[in-house]
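Presented below is the structure to which this report refers.
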Number of protein chains: 2
Amino acid sequence: MANNLGAIDGQVLDDWAGVVGADHVLTDTDTLARYGRSTLPQAHAPVGVVRPASTDEVAAVVRIAGRHGVPLYPISRGKNWGYGDACPSGPGQVVLDLARMDRIVEVDERLAYAVVEPGVTQGQLAAYLRETGARLWLDCTGAGPEASLIGNVVERGFGHTPYGNRIHTLSGLQVVLGDGQVIETGFGAHPNTRTQSLYPYGVGPWLDGIFTQSNYGVVTRLGLWLMPEPEAFTLVVGILDSHEDVAPVVDALRRLRLDGTVRSVVHIGNDLRLISSGRPFPRDRAGAPPLSPDMRKALQREVGFGAWAFSGGLYGRRDQVAAARRAVKRELGGPGRTLVFLDDRTLALGHRVAGLLGFTGWGKRTAEKLRRSRPLYDLHRGVPSGHFLAGAYWRHRDGLPPDFATNAEPARDQCGLLWIAPVIPATGEAALELDRLVAPIFAAHGFDLLVTLSTVTERALDAVLTIAYDKSDPDETARARACAEAVITAVLAAGFVPYRVGIPFMPQVMGNAPTLAPALTAIKAALDPHGILAPGRYDPPM
Amino acid sequence: MANNLGAIDGQVLDDWAGVVGADHVLTDTDTLARYGRSTLPQAHAPVGVVRPASTDEVAAVVRIAGRHGVPLYPISRGKNWGYGDACPSGPGQVVLDLARMDRIVEVDERLAYAVVEPGVTQGQLAAYLRETGARLWLDCTGAGPEASLIGNVVERGFGHTPYGNRIHTLSGLQVVLGDGQVIETGFGAHPNTRTQSLYPYGVGPWLDGIFTQSNYGVVTRLGLWLMPEPEAFTLVVGILDSHEDVAPVVDALRRLRLDGTVRSVVHIGNDLRLISSGRPFPRDRAGAPPLSPDMRKALQREVGFGAWAFSGGLYGRRDQVAAARRAVKRELGGPGRTLVFLDDRTLALGHRVAGLLGFTGWGKRTAEKLRRSRPLYDLHRGVPSGHFLAGAYWRHRDGLPPDFATNAEPARDQCGLLWIAPVIPATGEAALELDRLVAPIFAAHGFDLLVTLSTVTERALDAVLTIAYDKSDPDETARARACAEAVITAVLAAGFVPYRVGIPFMPQVMGNAPTLAPALTAIKAALDPHGILAPGRYDPPM
């Protein structure tokens, strides 16, 4: 049985130290507090931290934990912002920190994949590809350069490119099960295999999916497909003047995705999501959230955004991208919309012209716009940035740290951040319905609604609703939690189930599907007989 | 425990009759023999057949089987040619025939999906879409109009279009587990869900993969993504004069797949695979297989094929397809290769010209070529045909039945057919290596090597090696089995593990990955505690 005492006996620590070395078994107060930092209104600090350096060490640590009945909470890099950060799923758990396992095991340029360990960050792989001259791009999320690739992928996170629906970019997992067994999924279990990283499904039951959003095993390595550097790349940015106009845009994007014109994940953000990416809540001018309609309009004008904006990449051969661009212009252009296409040529030209005309207001504004669009442009080309974590600081009393693009750490900086991520049909009417459903709940709890809608599949949008709150304010923190619960209740009732859940809300969401509980519980017992891996994480409530 | 006696007690039959009606519990000799027909050298006939009409009936039948310890072998339509047909995976099993569950539950044109039951055939869905005027195309396999969609999809079969890697076209399964529980995977388990067919993964562990190529449950319904009818479609057919030229073609196709130019599954077939699609082995001219090099050359000339040919579809907007066509021409054209592009316009034009010049030899040959290419063209547009089963009749003493395009039934017609399907890296050198590895084994056992290579993922090829043998000849039948075992042994040793396996070879292939056995066995026990679903099917050997 799991140890729920909040303390931990000495024998298990000694046993672990025998495996990973005493330096990598940590129980000091500072360390525990550091791992216990969270963007959520409440979180559990661990009672210890173990830092193995290899799969064999992970297996040994897991077997020891099983013998002693001490629950382990595996993290890759612990950057699960807004969903639980590095914090365990319950009290009395020991964090199994895989950060030391940071080897890029293999990169194959011709067949376009990498094999990585959990500690490998997206910044690390991007740098590696650049330094080795491999003409491969990775798909990045907005979670910053320090975020683990495996950590995000096994949460079924999504990025921005044709490889953005990341669950379909995995091929071959290495997993340590709850009893310490090490398995390879797919063809990796077969000796001499040459297709483990090329064909994910293997022969017999395809297991990979059950090791995503689960606590059945510890993923210690995986094959990740990368995109060959395309001949041409164009970033499309669109700005919509009116709120309602998001509906026909969503419908057009669905058609463009379905017919293969746009193969990347397109992100649509509302005004506040975009405004928050450059500046915090205007405390000096606005009092408490939510912002008044007038103030929103004023901020929209100041930053040059409309009610919504979207961005997506076009990738391929030169004439393919040109054809896609024409189709996008035809389907997404129109009155009340601004469409901008950025590529290497226009960027270089813009910089040159803006430089030449730098003494004019126009030149200065253009240079500034180009500077601002650079991180977004680069993100779509496999260059991660902390830039996109700015929204986490929306309600922070100190605002954005000056170095946030390189050094954003929302949990360290005590940002209050809750992400709620309902999936909706990829239709304009569903997008407006979701807004009508949740906007009043945000307002009633005193929060601005920051929202993105992402075309993760051709048929569905992953919405990400941000509750950014002032963590130094206990009242606002309590309201944030209540708001999240109310929003989750509302989206579940509407049939817009979240694709991913923060730790405090797992019982609510997993409890919404009671018919699955016996099967999930049976598989858990089969693969983790001692129940020591991340108890409660995506478990159906008892 | 499973009943292995080859007979079945009366009480279980009565219990099932109480659920499905006495007419749908069959044990007569003719029926058992019909279900026991197989293209394989050996197969098990069932000891009974139960034909439920609904998910509730399936669940009740499964619970009764569990109580009595009688193993059930679920089939959808039983057209698993070359891998096991409708036959159970062992002796003493009762076939659970789901053919009566043939409802097309839903078709959504805007969001481009269908929800179907296991009895729904590809011909049935194609006809339904045509009749209702839904502008949606399905992905077809070559298994003929009577093949079940679910049957193929849960075997991880593949087709010919951008939706050809079928495992990625599922969203939401309904499954009856071994204890009779009914679950819905993905968001289907959540009340009021509106995204079950739009976003496959749900929240928490993604289960779908473990119900493919497994015996953990009976899939009784699934959501299947369909392709919106594209603005433009072009079929590309290429013919290669020389054997070695397949290598650069495979490399070029990999690049075209990786950069998104070609989004469909491209099939590459060798001369014999293509020759066998139009005529049987030339017994009158050739004696016993394998055909001599001279005879192969002669047959190549007669049918107008080279050493290899490939076909694939280009789908999309008009200028996207035009751009893709240019890229294909550039990358795949060249000396010793013939490239043909067919679309509605060229076909109409060809028919008109051939009709006008029908009195000439050229006109007649052209008309014949167009007639021959029609099934292939239509297959890529979602119109299934029995035409592609001709290869199964290669060694049949009676040759091809005259109505095989509409009435091919290899098992009924006593065809001898074994498919071995190793996965190889999508590189030219791997394609040649596979050929060098298996061609001598085929020849040593007295068989022609019929082979296709299909670009199922961007990085791997699914090879399908056909052993077509004369089932009326006991010696040839024994050699076929020995040949299959030798080929499987060789491809496993080379690291080219099959993506799918015929029933007699499951122990050999699943036994090649012993490290996975404990996990697979544990999941099986968790979901099918009585062990009554298709024992042995994709099970690791004990």
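Each chain in the structure tokens gets a letter, A, B and so on, in the order shown; residues start at 1 in every chain, and ligands are counted from 1 in the order they appear.
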
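By chain and then residue number, the residues within 9 Å of Arg254 of chain A are Ala426, Thr427, Thr455, Glu458, Arg459 and Ala460 of chain A; Leu111 of chain B, counting only C-alpha atoms and disregarding those fewer than 6 positions away in sequence.
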
For the residues in the current selection, export C-alpha atoms as a PDB file, in the first residue's frame.
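What landed in out_29.pdb:
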ATOM      1  CA  ALA A 426     -14.242  22.204 -35.702  1.00  0.00           C
ATOM      2  CA  THR A 427     -17.256  24.289 -36.585  1.00  0.00           C
ATOM      3  CA  THR A 455      -6.952  22.677 -35.215  1.00  0.00           C
ATOM      4  CA  GLU A 458      -9.021  18.133 -39.114  1.00  0.00           C
ATOM      5  CA  ARG A 459     -12.354  17.696 -37.357  1.00  0.00           C
ATOM      6  CA  ALA A 460     -11.882  19.056 -33.831  1.00  0.00           C
TER       7      ALA A 460
ATOM      8  CA  LEU B 111     -17.267  16.734 -40.483  1.00  0.00           C
TER       9      LEU B 111
END

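Near segment 73-90 of chain A, within 6 Å and counting only C-alpha atoms, sit Tyr35, Gly36, Ser38, Thr39, His44, Val94, Val95, Leu96, Asp97, Leu98, Ala99, Pro118, Gly119, Ala147, Ser148, Gly151, Leu417, Leu418, Trp419, Gly502, Ile503, Ala534 and Arg537 of chain A; same-chain residues fewer than 2 positions away were not included.
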
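Residues of segment 42-140 of chain A assigned to strand (DSSP E or B) by DSSP on this structure's backbone: A:Gly48, A:Val49, A:Val50, A:Leu72, A:Tyr73, A:Pro74, A:Ile75, A:Val94, A:Val95, A:Leu96, A:Asp97, A:Ile104, A:Val105, A:Glu106, A:Val107, A:Asp108, A:Tyr113, A:Ala114, A:Val115, A:Val116, A:Thr121, A:Leu136, A:Trp137.
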
* **Residues near Arg166 of chain B, cut-off 7 Å, only C-alpha atoms, skip fewer than 6 positions along chain, as a PyMOL selection string** => chain B and resi 153+156-158

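Going from atom CA of Ala114 of chain A over to atom CA of Val250 of chain B, you cover 21.6 Å.
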
Rows by chain and residue number, segment 325-394 of chain A within 10 Å of segment 230-234 of chain A, shortest pair, only C-alpha atoms, as CSV:
residue,atom,partner,partner_atom,distance
A:Arg325,CA,A:Thr234,CA,8.2
A:Val340,CA,A:Thr234,CA,9.8
A:Phe341,CA,A:Thr234,CA,6.4
A:Leu342,CA,A:Thr234,CA,5.5
A:Asp343,CA,A:Thr234,CA,4.7
A:Asp344,CA,A:Phe233,CA,7.9
A:Arg345,CA,A:Thr234,CA,9.7
A:Thr346,CA,A:Thr234,CA,9.7
A:Tyr377,CA,A:Thr234,CA,8.6
A:His380,CA,A:Phe233,CA,9.0
A:Arg381,CA,A:Phe233,CA,8.2

* To do: Mind checking which residues fall within 12 Å of Val321 of chain A, counting only C-alpha atoms, ignoring those fewer than 4 positions away in the same chain, and posting them as an MDAnalysis selection string?
  => (chainID A and resid 230:236 260:263 313:317 325:328 341:343) or (chainID B and resid 259:261 319:320 323:324)

Export N, CA and C atoms of the chosen residues as an mmCIF file, in the first residue's frame?
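Result file is out-v3.cif:
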data_model
loop_
_atom_site.group_PDB
_atom_site.id
_atom_site.type_symbol
_atom_site.label_atom_id
_atom_site.label_comp_id
_atom_site.auth_asym_id
_atom_site.auth_seq_id
_atom_site.Cartn_x
_atom_site.Cartn_y
_atom_site.Cartn_z
ATOM 1 N N PRO A 230 11.664 21.978 -45.094
ATOM 2 C CA PRO A 230 10.966 22.072 -46.374
ATOM 3 C C PRO A 230 11.668 23.033 -47.327
ATOM 4 N N GLU A 231 11.390 22.869 -48.606
ATOM 5 C CA GLU A 231 11.928 23.780 -49.605
ATOM 6 C C GLU A 231 11.405 25.195 -49.346
ATOM 7 N N ALA A 232 10.149 25.278 -48.947
ATOM 8 C CA ALA A 232 9.527 26.590 -48.707
ATOM 9 C C ALA A 232 8.714 26.567 -47.425
ATOM 10 N N PHE A 233 8.685 27.723 -46.769
ATOM 11 C CA PHE A 233 7.869 27.892 -45.563
ATOM 12 C C PHE A 233 7.275 29.290 -45.567
ATOM 13 N N THR A 234 6.002 29.360 -45.282
ATOM 14 C CA THR A 234 5.346 30.665 -45.135
ATOM 15 C C THR A 234 4.497 30.650 -43.879
ATOM 16 N N LEU A 235 4.648 31.681 -43.078
ATOM 17 C CA LEU A 235 3.778 31.850 -41.914
ATOM 18 C C LEU A 235 2.595 32.721 -42.320
ATOM 19 N N VAL A 236 1.412 32.249 -42.004
ATOM 20 C CA VAL A 236 0.205 33.031 -42.264
ATOM 21 C C VAL A 236 -0.293 33.582 -40.941
ATOM 22 N N GLY A 260 -6.326 19.157 -47.227
ATOM 23 C CA GLY A 260 -4.876 19.024 -47.269
ATOM 24 C C GLY A 260 -4.137 20.296 -47.649
ATOM 25 N N THR A 261 -4.861 21.399 -47.818
ATOM 26 C CA THR A 261 -4.186 22.658 -48.146
ATOM 27 C C THR A 261 -3.342 23.123 -46.968
ATOM 28 N N VAL A 262 -3.917 23.069 -45.778
ATOM 29 C CA VAL A 262 -3.190 23.433 -44.556
ATOM 30 C C VAL A 262 -2.968 22.143 -43.775
ATOM 31 N N ARG A 263 -1.704 21.763 -43.611
ATOM 32 C CA ARG A 263 -1.403 20.508 -42.924
ATOM 33 C C ARG A 263 -0.903 20.740 -41.507
ATOM 34 N N GLY A 313 1.358 27.625 -40.316
ATOM 35 C CA GLY A 313 2.446 27.531 -41.275
ATOM 36 C C GLY A 313 2.049 26.748 -42.517
ATOM 37 N N LEU A 314 2.608 27.165 -43.634
ATOM 38 C CA LEU A 314 2.481 26.407 -44.887
ATOM 39 C C LEU A 314 3.862 25.854 -45.209
ATOM 40 N N TYR A 315 3.937 24.565 -45.463
ATOM 41 C CA TYR A 315 5.216 23.875 -45.607
ATOM 42 C C TYR A 315 5.196 23.056 -46.879
ATOM 43 N N GLY A 316 6.307 23.003 -47.595
ATOM 44 C CA GLY A 316 6.358 22.102 -48.738
ATOM 45 C C GLY A 316 7.282 22.591 -49.821
ATOM 46 N N ARG A 317 7.046 22.078 -51.016
ATOM 47 C CA ARG A 317 7.785 22.562 -52.167
ATOM 48 C C ARG A 317 7.287 23.959 -52.518
ATOM 49 N N ARG A 325 -0.974 29.121 -50.451
ATOM 50 C CA ARG A 325 -1.111 30.541 -50.118
ATOM 51 C C ARG A 325 -2.276 31.164 -50.890
ATOM 52 N N ARG A 326 -2.372 30.847 -52.163
ATOM 53 C CA ARG A 326 -3.504 31.365 -52.950
ATOM 54 C C ARG A 326 -4.833 30.873 -52.372
ATOM 55 N N ALA A 327 -4.881 29.600 -51.991
ATOM 56 C CA ALA A 327 -6.129 29.053 -51.440
ATOM 57 C C ALA A 327 -6.472 29.710 -50.112
ATOM 58 N N VAL A 328 -5.462 29.925 -49.282
ATOM 59 C CA VAL A 328 -5.698 30.568 -47.982
ATOM 60 C C VAL A 328 -6.208 31.985 -48.191
ATOM 61 N N PHE A 341 1.334 37.341 -44.912
ATOM 62 C CA PHE A 341 2.154 36.166 -45.222
ATOM 63 C C PHE A 341 3.612 36.531 -44.999
ATOM 64 N N LEU A 342 4.283 35.756 -44.173
ATOM 65 C CA LEU A 342 5.701 36.019 -43.891
ATOM 66 C C LEU A 342 6.540 34.846 -44.348
ATOM 67 N N ASP A 343 7.571 35.145 -45.113
ATOM 68 C CA ASP A 343 8.559 34.114 -45.418
ATOM 69 C C ASP A 343 9.947 34.743 -45.352
ATOM 70 N N ASP B 259 7.754 15.194 -47.769
ATOM 71 C CA ASP B 259 7.529 16.639 -47.929
ATOM 72 C C ASP B 259 6.072 16.963 -48.242
ATOM 73 N N GLY B 260 5.206 15.960 -48.151
ATOM 74 C CA GLY B 260 3.778 16.234 -48.282
ATOM 75 C C GLY B 260 3.277 16.333 -49.715
ATOM 76 N N THR B 261 4.151 16.097 -50.693
ATOM 77 C CA THR B 261 3.705 16.155 -52.092
ATOM 78 C C THR B 261 2.737 15.017 -52.390
ATOM 79 N N ASP B 319 -4.898 23.390 -58.211
ATOM 80 C CA ASP B 319 -3.494 23.791 -58.415
ATOM 81 C C ASP B 319 -2.545 23.030 -57.494
ATOM 82 N N GLN B 320 -3.064 22.517 -56.366
ATOM 83 C CA GLN B 320 -2.232 21.645 -55.530
ATOM 84 C C GLN B 320 -1.900 20.368 -56.290
ATOM 85 N N ALA B 323 0.555 21.063 -59.019
ATOM 86 C CA ALA B 323 1.912 21.215 -58.489
ATOM 87 C C ALA B 323 2.498 19.855 -58.108
ATOM 88 N N ALA B 324 1.680 19.014 -57.481
ATOM 89 C CA ALA B 324 2.163 17.683 -57.088
ATOM 90 C C ALA B 324 2.543 16.872 -58.324
#

* Asked: Which residues, written as a PyMOL selection string, have at least one atom at most 9 Å from segment 294-303 of chain B, with only C-alpha atoms counted and residues fewer than 3 positions away on the same chain left out?
  -> chain B and resi 271-272+274-275+278+285-286+291+306-307

Output for the residues just chosen: C-alpha atoms as a PDB file, in the first residue's frame:
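Contents of again-v2.pdb, as written:
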ATOM      1  CA  ASP B 271       6.004  -7.880 -62.557  1.00  0.00           C
ATOM      2  CA  LEU B 272       4.472 -11.119 -61.296  1.00  0.00           C
ATOM      3  CA  LEU B 274       0.861  -7.304 -61.818  1.00  0.00           C
ATOM      4  CA  ILE B 275       0.782 -10.095 -64.369  1.00  0.00           C
ATOM      5  CA  GLY B 278      -4.913 -10.364 -65.194  1.00  0.00           C
ATOM      6  CA  ARG B 285       3.805 -22.939 -71.485  1.00  0.00           C
ATOM      7  CA  ALA B 286       5.808 -23.072 -68.278  1.00  0.00           C
ATOM      8  CA  LEU B 291       8.811 -18.991 -63.986  1.00  0.00           C
ATOM      9  CA  GLY B 306       8.095  -3.750 -66.855  1.00  0.00           C
ATOM     10  CA  ALA B 307       9.934  -5.169 -63.871  1.00  0.00           C
TER      11      ALA B 307
END

* For Asp108 of chain B, work out the shell of residues within 10 Å, counting only C-alpha atoms and skipping chain neighbours fewer than 3 positions away, then give it as a PyMOL selection string. => chain B and resi 111-115+134+136+197+225-226

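Across the structure, atom CA of Val353 of chain A and atom CA of Thr338 of chain A are spaced 21.0 Å apart.
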
* Distance criterion (only C-alpha atoms): nearest to Val105 of chain A out of A:Arg51, A:Arg67, A:Arg221, A:Arg337 -> A:Arg221

* Test item: residues at most 8 Å from segment 435-450 of chain A, only C-alpha atoms, excluding those fewer than 3 positions along its chain, as JSON, numbers by chain -> {"A": [269, 270, 271, 272, 273, 288, 289, 290, 291, 431, 432, 465, 466, 467, 468, 469, 479, 480, 482, 483, 486, 487, 490, 491]}

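Rounded to one decimal, atom CA of Lys369 of chain A and atom CA of Glu146 of chain A lie 26.3 Å from each other.
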
* To do: Please return as an MDAnalysis selection string: the residues of segment 212-338 of chain A that backbone DSSP assigns to alpha helix (DSSP H).
  => chainID A and resid 246:258 271:275 283:286 293:303 318:332

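Closest approach to Pro507 of chain A among A:Leu492, A:Val246, A:Leu13, A:Met542 is made by A:Met542 (distances from only C-alpha atoms).
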
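Considering the residues A:Leu520, A:Ala43, A:Ile8, A:Leu347 and counting only C-alpha atoms, chain B has its shortest atom-to-atom contact with A:Leu520.
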